[in-house]
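**Student:** One structure, pasted below without further comment.
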2 protein chains.
Amino acid sequence: MRLTTKGRFAVTAMIDVAMYGGNGPVTLAAVSARQRISLSYLEQLFGKLRRSGLVDSVRGPGGGYNLAKASDQISVADVILAVDEPIDATQCGGRENCHDDHRCMTHDLWTSLNDHIFAFLSGVTLAQLVRQQPQRGETTVLQDHRRAPAGAPKEPAPEAV
Amino acid sequence: MRLTTKGRFAVTAMIDVAMYGGNGPVTLAAVSARQRISLSYLEQLFGKLRRSGLVDSVRGPGGGYNLAKASDQISVADVILAVDEPIDATQCGGRENCHDDHRCMTHDLWTSLNDHIFAFLSGVTLAQLVRQQPQRGETTVLQDHRRAPAGAPKEPAPEAV
DNA sequence: CCATTAGTTGACTAAATCGTTCGGGTATAC
DNA sequence: GTATACCCGAACGATTTAGTCAACTAATGG
């Protein structure tokens with residue numbers, strides 16, 4: 001399980017679709033405007049989300065994206081797995097990587113870690129996240145994931161662990 | 001909390017120091033040879049680990065690195081935080097990023113996520129990891145984190161989540 | 001039918017990060 | 001004073017990130 005900003009973008013966009021998808025498909029242009037994510041980047045992400053079966057696309061005017069499943073059936077882990085490719089192919093028991101025939105020392109650690117994080121993220125659904133949102137009427141901005149400019153004052157954000 | 005292979009390298013190396021540091025400092029050259037990590041990369045990582053107070057260095061012949069604290073006082077989270085810079089400076093309550101005065105939608109999600117992962121990694125100490133290792137005599141290879149070659153058969157590793 | 005809307009695809013880019021290599025320093029033990 | 005080992009920084013190729021551009025296809029509305 002890799003954790004980058006890419007997954008955050010995808011989750012943010014999916015929440016947006018979940019929130020605004022009540023009446024008809026949500027267009028990526030609308031998501032882009034609301035969440036300040038580049039349209040083309042969203043296209044890339046939703047291409048993966050669609051191929052992973054998390055969203056359905058409707059082409060033509062009035063088209064856009066719908067969640068393929070109910071929002072309580074889509075977990076954060078699903079979204080992140082769809083867009084973030086797996087971190088590592090080095091399976092220790094395997095062939096080329098671990099030389100000699102020694103067993104990988106950190107194998108158990110990372111297996112356990114991955115399992116734990118995955119379990120946690122699998123337990124968080126889009127529905128839960130939507131429910132947490134303050135239901136303001138119009139364009140609720142989620143979060144700007146863009147990196148702060150280099151010269152910005154660097155007070156440590158408590159959540160930026 | 002960012003999760004990349006960089007942190008894995010650092011943890012692997014720290015486990016090596018914990019295991020072989022019984023009698024005197026451990027040289028990075030030895031770690032490099034045992035764990036197949038580039039010496040210069042180790043130097044970079046241990047520079048950060050030293051500045052974070054996780055290891056002490058001894059210069060000159062017979063020198064090397066010692067753990068600055070007992071191995072049960074150093075957590076995986078400590079190591080990863082030392083070498084992996086924080087993923088994101090976008091603190092939602094903040095200035096430039098979230099426009100208007102809306103609160104960040106995913107703020108709670110990522111705070112909770114970070115806390116959870118951080119708590120998990122904080123609970124895993126080097127001592128626990130060392131204890132898990134099969135105590136073979138000589139050079140126990142931990143794990144080769146290098147990416148598998150492009151053409152390799154892509155059977156999905158169960159732990160590569 | 002046909003123009004418009006909107007998804008789909010692919011190539012291409014700048015920047016950042018990753019892992020590594022190189023070349024020089026500086027402190028210390030022998 | 002020389003070998004050892006930490007220390008520092010520059011540079012590099014490969015990969016990932018985030019974003020742009022352009023061409024294409026499908027479906028709707030008039």
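Letters A, B, ... go to the chains of the structure tokens in the order shown; residues in each chain start at 1; ligands are counted from 1 in the same order.
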Fewer than 5 positions away in the same chain doesn't count, so skip those; otherwise give me all residues within 12 Å of region 52-65 of chain B, counting only C-alpha atoms (C1' of nucleotides), as a PyMOL selection string.

**Tutor:** (chain B and resi 10-11+13-18+20-31+42-43+45-47+70-84+126) or (chain C and resi 26-30) or (chain D and resi 2-7)

**Student:** Would you mind listing, as a list in words, all residues of chain C that have at least one atom within 7 Å of chain A, where only C-alpha atoms (C1' of nucleotides) are what counts?

**Tutor:**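 Result: DT5, DA6 and DG7 of chain C.
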
**Student:** With the cut-off set at 12 Å and counting only C-alpha atoms (C1' of nucleotides), tabulate each residue of chain D with an atom at most that distance from an atom of chain A, showing the nearest atom pair and its distance in Å to one decimal, ordered by chain and increasing number, as CSV.

**Tutor:**
```
residue,atom,partner,partner_atom,distance
D:DT16,C1',A:Lys6,CA,10.2
D:DT17,C1',A:Lys6,CA,7.8
D:DA18,C1',A:Tyr41,CA,6.9
D:DG19,C1',A:Tyr41,CA,6.4
D:DT20,C1',A:Ser40,CA,7.5
D:DC21,C1',A:Ser40,CA,9.6
D:DT25,C1',A:Arg59,CA,9.5
D:DA26,C1',A:Gly60,CA,6.3
D:DA27,C1',A:Gly60,CA,4.4
D:DT28,C1',A:Pro61,CA,5.7
D:DG29,C1',A:Pro61,CA,9.0
```

**Student:** Please indicate the distance in Å from CA of Arg50 (chain B) to CA of Gly7 (chain B), rounded to one decimal place.

**Tutor:**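 Interatomic distance, CA of Arg50 (chain B) to CA of Gly7 (chain B): 14.9 Å.
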
**Student:** Calculate how many Å separate CA of Leu113 (chain A) from CA of Leu121 (chain B), rounding to one decimal.

**Tutor:**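 A separation of 7.9 Å between them.
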
**Student:** Any idea what the distance is between CA of Thr125 (chain A) and CA of Thr111 (chain A)?

**Tutor:** 23.0 Å

**Student:** Nearest to chain A among B:Asn114, B:Asn66, B:Ser122, B:Gln128, with distances taken over only C-alpha atoms: which residue is it?

**Tutor:**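 Result for the nearest residue to chain A: B:Asn114.
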
**Student:** For each of B:Met19, B:Leu49, B:Ala68, B:Leu3, take the minimum atom-to-atom distance to chain A, counting only C-alpha atoms, then give the residue where this is smallest.

**Tutor:**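 The closest residue to chain A is B:Leu3.
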
**Student:** So that I can check the surroundings of DT15 (chain D), please list as a VMD selection string every protein, DNA and RNA residue that reaches within 12 Å of it, counting only C-alpha atoms (C1' of nucleotides) and ignoring chain neighbours fewer than 4 positions away.

**Tutor:** (chain B and resid 147) or (chain C and resid 16 to 19)

**Student:** Restrict the selected residues to N, CA and C atoms (P, O5', C5', C4', C3', O3' and C1' of nucleotides) and save them as a CSV table (one decimal), in the first residue's frame.

**Tutor:**
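So the final result, stored in result-v4.csv, reads:
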```
chain,number,residue,atom,x,y,z
B,147,ARG,N,13.1,-2.4,-7.4
B,147,ARG,CA,12.0,-2.8,-8.3
B,147,ARG,C,12.4,-3.9,-9.2
C,16,DA,P,10.2,21.4,-8.1
C,16,DA,O5',10.0,19.9,-7.6
C,16,DA,C5',8.7,19.4,-7.3
C,16,DA,C4',8.8,18.0,-6.9
C,16,DA,C3',9.9,17.6,-5.9
C,16,DA,O3',9.3,16.9,-4.9
C,16,DA,C1',10.0,16.2,-7.9
C,17,DT,P,10.1,16.5,-3.6
C,17,DT,O5',10.4,15.0,-3.8
C,17,DT,C5',9.3,14.1,-4.1
C,17,DT,C4',9.9,12.8,-4.5
C,17,DT,C3',10.9,12.2,-3.6
C,17,DT,O3',10.5,10.9,-3.3
C,17,DT,C1',11.6,12.0,-5.9
C,18,DC,P,11.4,10.0,-2.2
C,18,DC,O5',12.2,9.0,-3.2
C,18,DC,C5',11.4,8.4,-4.2
C,18,DC,C4',12.3,7.4,-4.9
C,18,DC,C3',13.3,6.7,-4.0
C,18,DC,O3',13.4,5.3,-4.4
C,18,DC,C1',14.4,7.8,-5.8
C,19,DG,P,14.0,4.3,-3.3
C,19,DG,O5',15.5,4.0,-3.8
C,19,DG,C5',15.6,3.4,-5.0
C,19,DG,C4',17.0,3.7,-5.6
C,19,DG,C3',18.2,3.3,-4.7
C,19,DG,O3',18.9,2.2,-5.3
C,19,DG,C1',18.5,5.4,-5.8
```

**Student:** Write out as a list of chain:residue names the residues lying within 10 Å of DG23 (chain C), counting only C-alpha atoms (C1' of nucleotides) and excluding same-chain residues fewer than 2 positions away.

**Tutor:** C:DT21, C:DG25, D:DG9, D:DA10

**Student:** Taking only C-alpha atoms into account, which of A:Glu85, A:Ser32, A:Lys48, A:Lys69 comes nearest chain B?

**Tutor:**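 Counting only C-alpha atoms, the residue closest to chain B is A:Glu85.
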